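Pasting upload-v2.tsv here (TSV, C-alpha atoms and all ligand atoms):
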```tsv
chain	number	residue	atom	x	y	z
E	145	MET	CA	0.00	0.00	0.00
E	146	ILE	CA	1.39	3.42	-0.95
E	147	PRO	CA	1.11	5.79	2.02
E	148	ASP	CA	-0.83	9.04	1.64
E	149	ALA	CA	1.31	12.09	1.14
E	150	PRO	CA	0.55	14.92	3.55
E	151	ALA	CA	-2.04	17.16	1.93
E	152	TYR	CA	-0.70	20.56	2.90
E	153	ASP	CA	3.07	20.48	2.55
E	154	ILE	CA	3.35	22.94	-0.32
E	155	ASP	CA	4.50	26.39	0.61
E	156	LEU	CA	2.27	28.69	-1.44
E	157	SER	CA	4.79	31.47	-1.08
E	158	LEU	CA	7.51	29.37	-2.73
E	159	PRO	CA	6.83	30.07	-6.38
E	160	GLY	CA	5.36	33.49	-5.79
E	161	SER	CA	8.44	35.51	-5.16
E	162	GLU	CA	7.39	39.09	-5.59
E	163	SER	CA	9.69	39.71	-8.55
E	164	ALA	CA	8.30	36.74	-10.49
E	165	VAL	CA	4.76	37.89	-9.75
E	166	SER	CA	5.62	41.44	-10.83
E	167	GLU	CA	7.16	40.18	-14.08
E	168	LEU	CA	4.01	38.24	-14.92
E	169	LEU	CA	1.75	41.12	-14.01
E	170	ALA	CA	3.53	43.21	-16.62
E	171	VAL	CA	2.83	40.72	-19.45
E	172	ARG	CA	0.36	41.78	-22.15
E	173	PRO	CA	-0.85	39.90	-25.27
E	174	ALA	CA	1.64	41.71	-27.50
E	175	ASP	CA	4.48	40.22	-25.43
E	176	VAL	CA	3.82	36.58	-26.38
E	177	GLU	CA	4.07	34.65	-29.63
E	178	PRO	CA	1.06	32.96	-31.20
E	179	ALA	CA	1.32	29.17	-31.57
E	180	ASP	CA	1.98	27.61	-34.98
E	181	HIS	CA	-0.93	25.15	-34.73
E	182	LEU	CA	-4.10	24.37	-32.78
E	183	SER	CA	-5.02	20.93	-31.48
E	184	PHE	CA	-8.16	19.26	-30.14
E	185	CYS	CA	-9.25	15.86	-28.91
E	186	ARG	CA	-12.39	13.89	-29.74
E	187	ASN	CA	-13.94	12.78	-26.47
E	188	VAL	CA	-17.04	11.56	-24.70
E	189	PHE	CA	-18.05	12.88	-21.32
E	190	VAL	CA	-18.75	10.18	-18.76
E	191	PRO	CA	-20.19	11.92	-15.68
E	192	LEU	CA	-19.55	8.99	-13.35
E	193	THR	CA	-21.07	10.71	-10.36
E	194	THR	CA	-22.51	14.13	-9.67
E	195	ALA	CA	-22.00	13.67	-5.92
E	196	CYS	CA	-19.45	16.12	-4.52
E	197	ARG	CA	-18.34	16.90	-1.00
E	198	TYR	CA	-17.99	20.58	-1.91
E	199	THR	CA	-20.48	23.29	-2.88
E	200	CYS	CA	-18.61	25.80	-5.03
E	201	THR	CA	-20.95	28.69	-5.71
E	202	TYR	CA	-20.26	28.80	-9.50
E	203	CYS	CA	-20.76	25.09	-10.10
E	204	THR	CA	-23.84	23.50	-11.69
E	205	TYR	CA	-22.25	20.05	-11.85
E	206	TYR	CA	-22.83	18.77	-8.33
E	207	ASP	CA	-26.15	17.46	-7.02
E	208	PRO	CA	-27.02	17.38	-3.31
E	209	PRO	CA	-27.35	14.09	-1.39
E	210	GLY	CA	-30.45	12.21	-2.48
E	211	GLN	CA	-30.32	13.70	-5.98
E	212	ALA	CA	-26.79	12.82	-7.05
E	213	GLU	CA	-26.42	10.44	-9.94
E	214	LEU	CA	-24.08	7.49	-10.24
E	215	LEU	CA	-23.80	5.86	-13.66
E	216	SER	CA	-24.10	2.08	-13.63
E	217	PRO	CA	-21.45	-0.08	-15.30
E	218	ALA	CA	-23.94	-0.76	-18.13
E	219	GLU	CA	-24.53	2.97	-18.64
E	220	VAL	CA	-20.78	3.60	-18.70
E	221	ARG	CA	-20.37	0.90	-21.32
E	222	ASP	CA	-23.18	2.35	-23.46
E	223	ILE	CA	-21.66	5.84	-23.41
E	224	VAL	CA	-18.10	4.78	-24.18
E	225	ARG	CA	-19.20	2.32	-26.88
E	226	THR	CA	-21.20	5.08	-28.59
E	227	GLY	CA	-18.16	7.36	-28.35
E	228	ALA	CA	-15.79	4.78	-29.78
E	229	GLU	CA	-18.20	4.09	-32.65
E	230	ALA	CA	-18.34	7.84	-33.37
E	231	GLY	CA	-14.54	8.00	-33.71
E	232	CYS	CA	-13.60	9.43	-30.30
E	233	THR	CA	-10.33	8.58	-28.59
E	234	GLU	CA	-10.91	9.85	-25.05
E	235	ALA	CA	-13.31	8.84	-22.28
E	236	LEU	CA	-13.37	11.92	-20.06
E	237	PHE	CA	-14.47	10.76	-16.61
E	238	THR	CA	-15.88	13.74	-14.80
E	239	PHE	CA	-16.57	13.67	-11.12
E	240	GLY	CA	-17.58	15.67	-8.12
E	241	ASP	CA	-14.96	15.42	-5.44
E	242	ASP	CA	-14.93	12.22	-3.39
E	243	PRO	CA	-18.57	11.92	-2.16
E	244	ASP	CA	-18.61	12.40	1.62
E	245	ASP	CA	-20.71	10.58	4.26
E	246	ARG	CA	-23.86	12.54	3.39
E	247	TYR	CA	-24.14	10.60	0.12
E	248	THR	CA	-25.41	7.39	1.72
E	249	GLN	CA	-27.29	6.31	-1.43
E	250	VAL	CA	-24.14	6.54	-3.53
E	251	HIS	CA	-22.15	4.52	-1.01
E	252	HIS	CA	-24.89	1.87	-0.69
E	253	GLN	CA	-25.09	1.59	-4.46
E	254	LEU	CA	-21.34	1.19	-4.79
E	255	ASP	CA	-21.41	-1.40	-2.03
E	256	SER	CA	-24.18	-3.37	-3.75
E	257	TRP	CA	-22.07	-3.45	-6.94
E	258	GLY	CA	-19.09	-4.75	-4.94
E	259	PHE	CA	-16.98	-1.58	-4.84
E	260	GLY	CA	-15.49	-0.34	-1.59
E	261	SER	CA	-14.94	3.23	-2.82
E	262	ILE	CA	-15.66	5.55	-5.71
E	263	HIS	CA	-12.04	5.17	-6.86
E	264	GLU	CA	-12.36	1.39	-7.01
E	265	TYR	CA	-15.40	1.95	-9.20
E	266	LEU	CA	-13.60	4.52	-11.32
E	267	ARG	CA	-10.86	1.97	-11.95
E	268	ARG	CA	-13.46	-0.48	-13.26
E	269	ALA	CA	-15.08	2.25	-15.38
E	270	CYS	CA	-11.69	3.03	-16.94
E	271	GLU	CA	-11.24	-0.66	-17.75
E	272	ILE	CA	-14.64	-0.64	-19.48
E	273	ALA	CA	-13.51	2.34	-21.57
E	274	LEU	CA	-10.30	0.54	-22.57
E	275	GLU	CA	-12.31	-2.58	-23.44
E	276	GLU	CA	-14.56	-0.51	-25.71
E	277	GLY	CA	-11.70	1.28	-27.47
E	278	LEU	CA	-11.26	4.61	-25.66
E	279	LEU	CA	-8.35	6.00	-23.64
E	280	PRO	CA	-9.44	7.09	-20.15
E	281	HIS	CA	-8.68	10.58	-18.83
E	282	ALA	CA	-10.10	10.88	-15.31
E	283	ASN	CA	-10.63	14.16	-13.53
E	284	PRO	CA	-11.85	13.09	-10.08
E	285	GLY	CA	-11.01	16.22	-8.08
E	286	ASP	CA	-8.73	16.20	-5.05
E	287	GLN	CA	-7.12	12.85	-4.48
E	288	THR	CA	-4.90	11.26	-1.90
E	289	ARG	CA	-1.89	9.36	-3.14
E	290	GLU	CA	-3.63	6.07	-2.41
E	291	GLN	CA	-6.73	7.10	-4.41
E	292	MET	CA	-4.68	8.26	-7.38
E	293	ALA	CA	-2.56	5.12	-7.34
E	294	THR	CA	-5.79	3.06	-7.44
E	295	VAL	CA	-6.70	4.41	-10.89
E	296	ALA	CA	-3.47	5.71	-12.42
E	297	ASP	CA	-2.47	2.54	-14.28
E	298	ARG	CA	-5.78	2.57	-16.15
E	299	ASN	CA	-5.52	6.19	-17.38
E	300	ALA	CA	-3.73	7.70	-20.34
E	301	SER	CA	-3.56	10.99	-18.44
E	302	MET	CA	-5.42	12.61	-15.57
E	303	GLY	CA	-6.31	16.10	-14.43
E	304	VAL	CA	-7.65	18.52	-11.89
E	305	MET	CA	-8.16	22.26	-12.18
E	306	LEU	CA	-6.07	24.17	-9.65
E	307	GLU	CA	-8.48	27.09	-10.25
E	308	THR	CA	-6.62	29.46	-7.93
E	309	THR	CA	-4.15	29.45	-5.08
E	310	ALA	CA	-6.23	32.17	-3.39
E	311	GLU	CA	-8.77	31.49	-0.67
E	312	VAL	CA	-11.96	32.81	-2.31
E	313	GLN	CA	-15.54	33.11	-1.10
E	314	ALA	CA	-16.72	31.07	-4.10
E	315	HIS	CA	-15.11	28.00	-2.48
E	316	GLY	CA	-16.48	28.98	0.93
E	317	GLY	CA	-19.29	27.74	3.10
E	318	PRO	CA	-19.30	24.76	5.41
E	319	ARG	CA	-17.42	22.54	2.97
E	320	ALA	CA	-14.74	24.71	1.37
E	321	LYS	CA	-12.21	23.16	-0.95
E	322	SER	CA	-8.66	24.22	-0.38
E	323	PRO	CA	-5.93	25.36	-2.78
E	324	GLY	CA	-3.39	23.37	-0.73
E	325	GLN	CA	-5.21	20.13	-1.45
E	326	ARG	CA	-5.37	20.88	-5.17
E	327	LEU	CA	-1.66	21.63	-5.26
E	328	ALA	CA	-0.99	18.44	-3.34
E	329	THR	CA	-3.02	16.49	-5.92
E	330	ILE	CA	-0.98	17.99	-8.78
E	331	ARG	CA	2.22	17.22	-6.90
E	332	THR	CA	1.10	13.63	-6.25
E	333	ALA	CA	0.48	13.17	-9.98
E	334	GLY	CA	4.06	14.29	-10.56
E	335	GLU	CA	5.39	11.87	-7.98
E	336	LEU	CA	3.48	9.04	-9.64
E	337	GLY	CA	4.64	10.02	-13.14
E	338	ILE	CA	1.19	10.78	-14.57
E	339	PRO	CA	0.82	13.15	-17.56
E	340	PHE	CA	-1.44	15.78	-16.07
E	341	THR	CA	-3.82	18.55	-17.09
E	342	THR	CA	-4.60	21.45	-14.81
E	343	GLY	CA	-5.65	25.06	-15.15
E	344	ILE	CA	-6.87	28.29	-13.65
E	345	LEU	CA	-10.42	29.56	-13.35
E	346	VAL	CA	-10.64	33.28	-13.97
E	347	GLY	CA	-13.19	35.50	-12.24
E	348	ILE	CA	-14.12	33.69	-9.01
E	349	GLY	CA	-12.93	36.48	-6.76
E	350	GLU	CA	-9.17	36.18	-7.20
E	351	GLU	CA	-6.91	39.17	-7.84
E	352	TRP	CA	-4.41	39.55	-10.69
E	353	ALA	CA	-1.55	38.69	-8.34
E	354	ASP	CA	-3.40	35.47	-7.41
E	355	ARG	CA	-3.58	34.53	-11.10
E	356	ALA	CA	0.16	35.08	-11.38
E	357	ARG	CA	0.84	33.03	-8.21
E	358	SER	CA	-1.42	30.22	-9.45
E	359	LEU	CA	0.46	30.01	-12.75
E	360	LEU	CA	3.80	30.15	-10.99
E	361	ALA	CA	2.72	27.36	-8.63
E	362	ILE	CA	1.84	25.18	-11.63
E	363	ARG	CA	5.18	26.03	-13.22
E	364	GLU	CA	7.00	25.17	-9.98
E	365	LEU	CA	5.37	21.74	-9.81
E	366	HIS	CA	6.06	21.11	-13.50
E	367	GLU	CA	9.71	22.05	-13.04
E	368	ARG	CA	9.95	19.48	-10.26
E	369	TYR	CA	8.25	16.59	-12.08
E	370	GLY	CA	7.86	17.45	-15.78
E	371	HIS	CA	4.32	16.07	-15.80
E	372	VAL	CA	2.06	19.03	-16.66
E	373	GLN	CA	1.02	18.42	-20.26
E	374	GLU	CA	-1.47	21.27	-20.60
E	375	VAL	CA	-2.91	24.20	-18.69
E	376	ILE	CA	-6.45	25.43	-19.22
E	377	VAL	CA	-7.38	29.08	-18.82
E	378	GLN	CA	-11.12	29.12	-18.22
E	379	PRO	CA	-13.31	32.12	-17.46
E	380	VAL	CA	-16.12	31.54	-14.99
E	381	ALA	CA	-19.44	31.48	-16.88
E	382	GLU	CA	-22.87	32.67	-15.85
E	383	ASN	CA	-25.25	29.86	-14.95
E	384	GLU	CA	-28.14	29.08	-12.64
E	385	ARG	CA	-25.82	29.13	-9.57
E	386	TRP	CA	-23.46	31.93	-10.66
E	387	GLN	CA	-24.89	35.29	-11.54
E	388	GLY	CA	-21.73	37.11	-10.50
E	389	PRO	CA	-19.56	39.00	-12.94
E	390	THR	CA	-17.77	37.14	-15.71
E	391	PRO	CA	-14.39	38.21	-17.10
E	392	ASP	CA	-14.44	40.44	-20.15
E	393	LEU	CA	-12.37	39.72	-23.25
E	394	GLU	CA	-9.53	42.01	-22.24
E	395	THR	CA	-9.19	40.18	-18.91
E	396	LEU	CA	-9.20	36.80	-20.61
E	397	ARG	CA	-6.60	37.88	-23.18
E	398	ARG	CA	-4.28	39.19	-20.49
E	399	ALA	CA	-4.71	36.04	-18.35
E	400	VAL	CA	-3.94	33.82	-21.35
E	401	ALA	CA	-0.86	35.85	-22.24
E	402	MET	CA	0.32	35.61	-18.62
E	403	ALA	CA	-0.12	31.84	-18.73
E	404	ARG	CA	1.87	31.61	-21.96
E	405	ALA	CA	4.66	33.70	-20.49
E	406	ALA	CA	4.70	31.71	-17.24
E	407	LEU	CA	4.81	28.23	-18.73
E	408	PRO	CA	7.47	26.45	-20.76
E	409	GLU	CA	6.71	26.17	-24.47
E	410	THR	CA	6.32	22.40	-24.12
E	411	VAL	CA	3.27	22.83	-21.88
E	412	SER	CA	0.18	23.23	-24.02
E	413	LEU	CA	-2.19	26.11	-23.33
E	414	GLN	CA	-5.92	25.62	-23.80
E	415	VAL	CA	-8.97	27.84	-23.84
E	416	PRO	CA	-12.24	25.90	-24.21
E	417	PRO	CA	-14.26	27.37	-27.09
E	418	ASN	CA	-17.61	26.42	-25.54
E	419	LEU	CA	-16.89	28.65	-22.53
E	420	ALA	CA	-14.80	31.45	-24.00
E	421	PRO	CA	-14.22	33.28	-27.29
E	422	ALA	CA	-11.21	31.08	-28.07
E	423	GLY	CA	-10.87	32.52	-31.56
E	424	GLU	CA	-10.11	35.90	-30.02
E	425	VAL	CA	-7.24	34.67	-27.85
E	426	VAL	CA	-5.28	32.62	-30.38
E	427	ASP	CA	-2.76	35.44	-30.72
E	428	CYS	CA	-2.22	35.28	-26.93
E	429	GLY	CA	-0.51	31.93	-27.22
E	430	ILE	CA	-3.08	29.13	-26.96
E	431	ASP	CA	-2.31	26.00	-28.96
E	432	ASP	CA	-5.21	23.76	-27.92
E	433	LEU	CA	-9.00	23.94	-28.09
E	434	GLY	CA	-9.69	21.05	-25.73
E	435	GLY	CA	-12.19	18.28	-26.20
E	436	VAL	CA	-14.91	18.18	-28.79
E	437	SER	CA	-17.65	15.66	-28.33
E	438	PRO	CA	-19.89	14.43	-31.09
E	439	VAL	CA	-22.08	12.37	-28.77
E	440	THR	CA	-22.44	13.80	-25.26
E	441	ASP	CA	-23.10	17.16	-23.70
E	442	ASP	CA	-20.54	19.00	-21.65
E	443	HIS	CA	-21.96	17.84	-18.32
E	444	ILE	CA	-19.83	20.25	-16.28
E	445	ASN	CA	-21.18	23.25	-18.16
E	446	PRO	CA	-24.45	21.99	-19.64
E	447	ASP	CA	-25.62	25.46	-20.63
E	448	TYR	CA	-22.76	25.69	-23.13
E	449	ALA	CA	-22.86	23.15	-25.95
E	450	TRP	CA	-19.60	21.99	-27.51
E	451	PRO	CA	-18.96	23.65	-30.78
E	452	ALA	CA	-18.96	21.42	-33.81
E	453	LEU	CA	-15.70	20.39	-35.33
E	454	ASP	CA	-16.38	22.86	-38.14
E	455	ALA	CA	-16.27	25.68	-35.62
E	456	LEU	CA	-12.81	24.55	-34.51
E	457	ARG	CA	-11.73	24.51	-38.16
E	458	ASP	CA	-13.03	28.06	-38.54
E	459	ILE	CA	-10.95	29.21	-35.56
E	460	ALA	CA	-7.82	27.58	-36.98
E	461	ASP	CA	-8.49	28.89	-40.49
E	462	HIS	CA	-9.02	32.40	-39.17
E	463	ALA	CA	-5.71	32.18	-37.29
E	464	GLU	CA	-4.07	30.72	-40.42
E	465	VAL	CA	-2.67	27.74	-38.51
E	466	PRO	CA	-3.26	24.02	-39.07
E	467	LEU	CA	-5.76	22.13	-36.88
E	468	ARG	CA	-4.48	18.81	-35.53
E	469	GLU	CA	-6.25	16.05	-33.67
E	470	ARG	CA	-4.46	14.72	-30.58
E	471	LEU	CA	-4.93	11.95	-28.06
E	472	PRO	CA	-5.77	12.60	-24.38
E	473	VAL	CA	-2.10	12.02	-23.58
E	474	TYR	CA	0.20	14.42	-25.38
E	475	GLU	CA	2.65	12.86	-27.81
E	476	ARG	CA	5.73	13.97	-25.91
E	477	TYR	CA	4.82	11.57	-23.09
E	478	LEU	CA	4.47	8.50	-25.31
E	479	PRO	CA	7.15	5.82	-25.69
E	480	ALA	CA	9.61	6.51	-28.52
E	481	ASP	CA	8.07	4.00	-30.95
E	482	PHE	CA	4.86	6.09	-31.04
E	483	ARG	CA	6.71	9.30	-31.79
E	484	ALA	CA	8.06	8.56	-35.26
E	485	ASP	CA	6.73	11.84	-36.72
E	486	PHE	CA	6.99	13.92	-33.55
E	487	GLU	CA	9.00	17.10	-34.02
E	488	GLY	CA	8.76	18.47	-30.47
E	489	THR	CA	10.74	17.76	-27.32
E	490	PRO	CA	10.03	14.39	-25.68
E	491	ALA	CA	9.31	14.54	-21.94
E	492	PRO	CA	12.24	13.40	-19.82
E	493	THR	CA	11.81	10.06	-18.06
E	494	PRO	CA	9.78	10.55	-14.88
E	495	ALA	CA	11.79	10.66	-11.67
E	496	PRO	CA	11.68	7.42	-9.65
E	497	ALA	CA	9.12	7.46	-6.82
E	498	THR	CA	10.72	8.93	-3.72
E	499	ASP	CA	9.17	6.30	-1.47
E	500	GLY	CA	10.58	3.43	-3.52
E	501	GLY	CA	7.11	2.53	-4.89
E	502	SER	CA	6.69	1.86	-8.60
E	503	SER	CA	5.07	4.38	-10.93
E	504	PRO	CA	1.94	3.34	-12.86
E	505	GLY	CA	3.90	3.76	-16.08
E	506	GLY	CA	6.57	1.26	-14.97
E	507	GLY	CA	9.38	3.78	-15.39
E	508	GLY	CA	7.74	5.63	-18.31
E	509	TRP	CA	4.76	7.95	-18.46
E	510	VAL	CA	2.19	5.66	-20.05
E	511	PRO	CA	0.88	2.55	-18.27
E	512	GLU	CA	1.18	-0.83	-19.94
E	513	GLN	CA	-2.57	-1.25	-20.41
E	514	VAL	CA	-2.76	2.04	-22.28
E	515	GLN	CA	0.27	1.15	-24.41
E	516	ASP	CA	-1.43	-2.16	-25.23
E	517	ALA	CA	-4.49	-0.23	-26.40
E	518	LEU	CA	-2.32	2.00	-28.59
E	519	ARG	CA	-0.58	-1.00	-30.18
E	520	ALA	CA	-3.71	-3.14	-30.61
E	521	GLU	CA	-4.61	-4.41	-34.09
E	522	THR	CA	-8.21	-3.31	-33.58
E	523	ASP	CA	-10.30	-0.49	-35.02
E	524	ALA	CA	-9.55	1.52	-31.89
E	525	GLY	CA	-5.79	0.86	-32.02
E	526	ARG	CA	-5.73	1.88	-35.69
E	527	ARG	CA	-7.72	5.02	-34.87
E	528	PHE	CA	-5.24	6.02	-32.13
E	529	ARG	CA	-2.28	5.50	-34.46
E	530	ALA	CA	-3.99	7.43	-37.26
E	531	VAL	CA	-4.30	10.38	-34.88
E	532	LEU	CA	-0.59	10.15	-34.04
E	533	GLN	CA	0.31	10.00	-37.71
E	534	GLY	CA	-1.85	13.02	-38.53
E	535	GLU	CA	-4.15	10.95	-40.74
E	536	SER	CA	-7.40	11.36	-38.82
E	537	LEU	CA	-8.73	14.62	-40.21
Y	601	LIG	S1	-16.44	22.79	-8.94
Y	601	LIG	FE1	-15.82	20.66	-8.56
Y	601	LIG	S2	-15.36	20.63	-6.37
Y	601	LIG	FE2	-16.63	22.46	-6.71
Y	601	LIG	S3	-18.75	21.78	-6.34
Y	601	LIG	FE3	-18.32	21.57	-8.54
Y	601	LIG	S4	-17.73	19.45	-8.81
Y	601	LIG	FE4	-17.50	19.93	-6.62
```

Take the structure from the file and write it as structure tokens.
Amino acid sequence: MIPDAPAYDIDLSLPGSESAVSELLAVRPADVEPADHLSFCRNVFVPLTTACRYTCTYCTYYDPPGQAELLSPAEVRDIVRTGAEAGCTEALFTFGDDPDDRYTQVHHQLDSWGFGSIHEYLRRACEIALEEGLLPHANPGDQTREQMATVADRNASMGVMLETTAEVQAHGGPRAKSPGQRLATIRTAGELGIPFTTGILVGIGEEWADRARSLLAIRELHERYGHVQEVIVQPVAENERWQGPTPDLETLRRAVAMARAALPETVSLQVPPNLAPAGEVVDCGIDDLGGVSPVTDDHINPDYAWPALDALRDIADHAEVPLRERLPVYERYLPADFRADFEGTPAPTPAPATDGGSSPGGGGWVPEQVQDALRAETDAGRRFRAVLQGESL
């Protein structure tokens, strides 16, 4: 059993030296270079559970106890099979954070299916996705090391939004989520050698300096472990629970430019076109448009439908850059034999686990089960390789 790492051992002041914050605060869109391409990933949303121990005031995803949904294994299989048949590559497992004791129905249901925890069930759900020809990318919120290790060897990549390092009212109330826990989750992913997606949420009450500190904290963790594959810059959007202000275009453009300046070139930068005018921030350095789903709604932001693939093409055409499909794990993290046409910089081998435990990737970034899926002589395996060879569009 891998012991839990302490949840709060990151010094938030570490990356935020005042000079680094000041440098980032001075960045404007004209200071960064536009990317030479835009990428996207075909995915299906699998909202495994809408139970969440937190109650963020801008979030329409979570349902209270008694109303929260938990997809059955058969429902998971139906969704991922439909996605695979539609040509997707990613099963995006969305989650509330670890359902707490108030969600008795969820726990009883899991128990009746033979699962001792939501992470045990997530592991099985990821296996179903692999069986049906999709690569799992799970985003189950804060996780302990033990929880992450339970599912890591069945995922191509994982993620959690940092959102902000600031303590904000929007996370408040009796069950407030903490920036320290989110940072600890990102750090744990680094320790386990998991290609990881994170990001900042703009407009939930944080100041400009908090945005800079959040980006510097992500950079600090990436410099330690090399595992951050992409960073999302997402503006908070109006919905039935959030009628507060939303960031204007100028704010979004400056935040994106700051992110581009803060992060190494090898870390992808994404703005989701269903939540933001992505076409108007391409010159601020984004190189990814996130997931596009032909078969499911965006269950985290159901008021905002995913744009069609044609809309992504329009954004790329307008920016005069090529549009490329990608897998849920970025190419630089794949074993060398999958990178024949890759022109970027491969990720360095992950550092060995400090506690002597083995990483899910067995010394590399991608677990054996995911590599098997990529090599398989099946429709899915051929689809994955076509994406890598740039033959899918
Ligand atoms: S934003 Fe995430 S952590 Fe917050 S209530 Fe929604 S699902 Fe839970």

Can I get the residues close to ligand LIG 601 (chain Y) as a ChimeraX atom specification, where close means within 6 Å and we count all atoms listed in the file? /E:196,198-200,203,205-206,240-241

For region 255-261 of chain E, find every residue with an atom within 12 Å (counting all atoms listed in the file), except residues of its own chain fewer than 6 positions away, and show them as a list of chain:residue names. E:Leu214, E:Leu215, E:Ser216, E:Pro217, E:Ala218, E:Asp242, E:Pro243, E:Asp244, E:Asp245, E:Thr248, E:Gln249, E:Arg267, E:Arg268, E:Ala269, E:Glu290, E:Gln291, E:Thr294, E:Val295

CA of His181 (chain E) and CA of His371 (chain E) are how many Å apart?
->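 Between CA of His181 (chain E) and CA of His371 (chain E) the gap is 21.6 Å.
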
Determine, counting only C-alpha atoms, every residue of protein, DNA or RNA that lies within 9 Å of (-4.0, 6.0, -21.3) in the file coordinates, then give the result as an MDAnalysis selection string.
chainID E and resid 234 274 278:281 296:302 472:473 510:515 517:518

Name all residues at most 12 Å from Gly316 (chain E) (count all atoms listed in the file; drop same-chain ones fewer than 3 positions away) and give them as a list in words.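 Near neighbours after the sequence-gap exclusion: Tyr198, Thr199, Cys200, Thr201, Tyr202, Ala310, Glu311, Val312, Gln313, Arg319, Ala320, Lys321, Ser322, Pro323, Ile348 and Gly349 of chain E.
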
What separates CA of Leu236 (chain E) and CA of Leu478 (chain E) is a distance of 18.9 Å

Which residues come within 10 Å of Asp485 (chain E), counting all atoms listed in the file, excluding same-chain residues fewer than 6 positions away, as a ChimeraX atom specification?
/E:475,532-534

Next item on the list: Grab the CA of Ala273 (chain E) to CA of Ala495 (chain E) distance for me, in Å with one decimal place.
Entry: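 Result for CA of Ala273 (chain E) versus CA of Ala495 (chain E): 28.4 Å, one decimal.
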
Check: Hey, can you pull every residue with an atom no more than 12 Å from (8.2, 10.7, -27.6), using only C-alpha atoms, and send it as a PyMOL selection string?
Finding: chain E and resi 473-493+508-510+532

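Nearest to His462 (chain E) of all the residues E:Val224, E:Leu182, E:Val380, E:Ala212 is E:Leu182, counting all atoms listed in the file.
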
Min atom-atom distance to Glu409 (chain E) from the set E:Asp180, E:Pro191, E:Val377, E:Asp454, counting only C-alpha atoms, belongs to E:Asp180

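Distance annotation: of E:Gln378, E:Ser183, E:Ser166, E:Ser412, the residue with the minimal separation from Leu393 (chain E) is E:Gln378; atom set is only C-alpha atoms.
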
### Spatial neighbours of Ala399 (chain E), max dist 9 Å, only C-alpha atoms, sep filter under 5 positions, as a ChimeraX atom specification
/E:171-173,346,352,355-356,377,394,404,428

Keeping only C-alpha atoms, write the selected residues as an mmCIF file, in the frame of the given file.
```cif
data_model
loop_
_atom_site.group_PDB
_atom_site.id
_atom_site.type_symbol
_atom_site.label_atom_id
_atom_site.label_comp_id
_atom_site.auth_asym_id
_atom_site.auth_seq_id
_atom_site.Cartn_x
_atom_site.Cartn_y
_atom_site.Cartn_z
ATOM 1 C CA VAL E 171 2.830 40.720 -19.450
ATOM 2 C CA ARG E 172 0.360 41.780 -22.150
ATOM 3 C CA PRO E 173 -0.850 39.900 -25.270
ATOM 4 C CA VAL E 346 -10.640 33.280 -13.970
ATOM 5 C CA TRP E 352 -4.410 39.550 -10.690
ATOM 6 C CA ARG E 355 -3.580 34.530 -11.100
ATOM 7 C CA ALA E 356 0.160 35.080 -11.380
ATOM 8 C CA VAL E 377 -7.380 29.080 -18.820
ATOM 9 C CA GLU E 394 -9.530 42.010 -22.240
ATOM 10 C CA ARG E 404 1.870 31.610 -21.960
ATOM 11 C CA CYS E 428 -2.220 35.280 -26.930
#
```

### Query
Which polymer residues have any atom within 8 Å of an atom of Asp354 (chain E), counting all atoms listed in the file, with same-chain residues fewer than 4 positions away left out, as a PyMOL selection string?
chain E and resi 308-310+350+358

Counting all atoms listed in the file, closest pick from E:Ala401, E:Val250, E:Ile362, E:Leu413 relative to Val375 (chain E) is E:Leu413
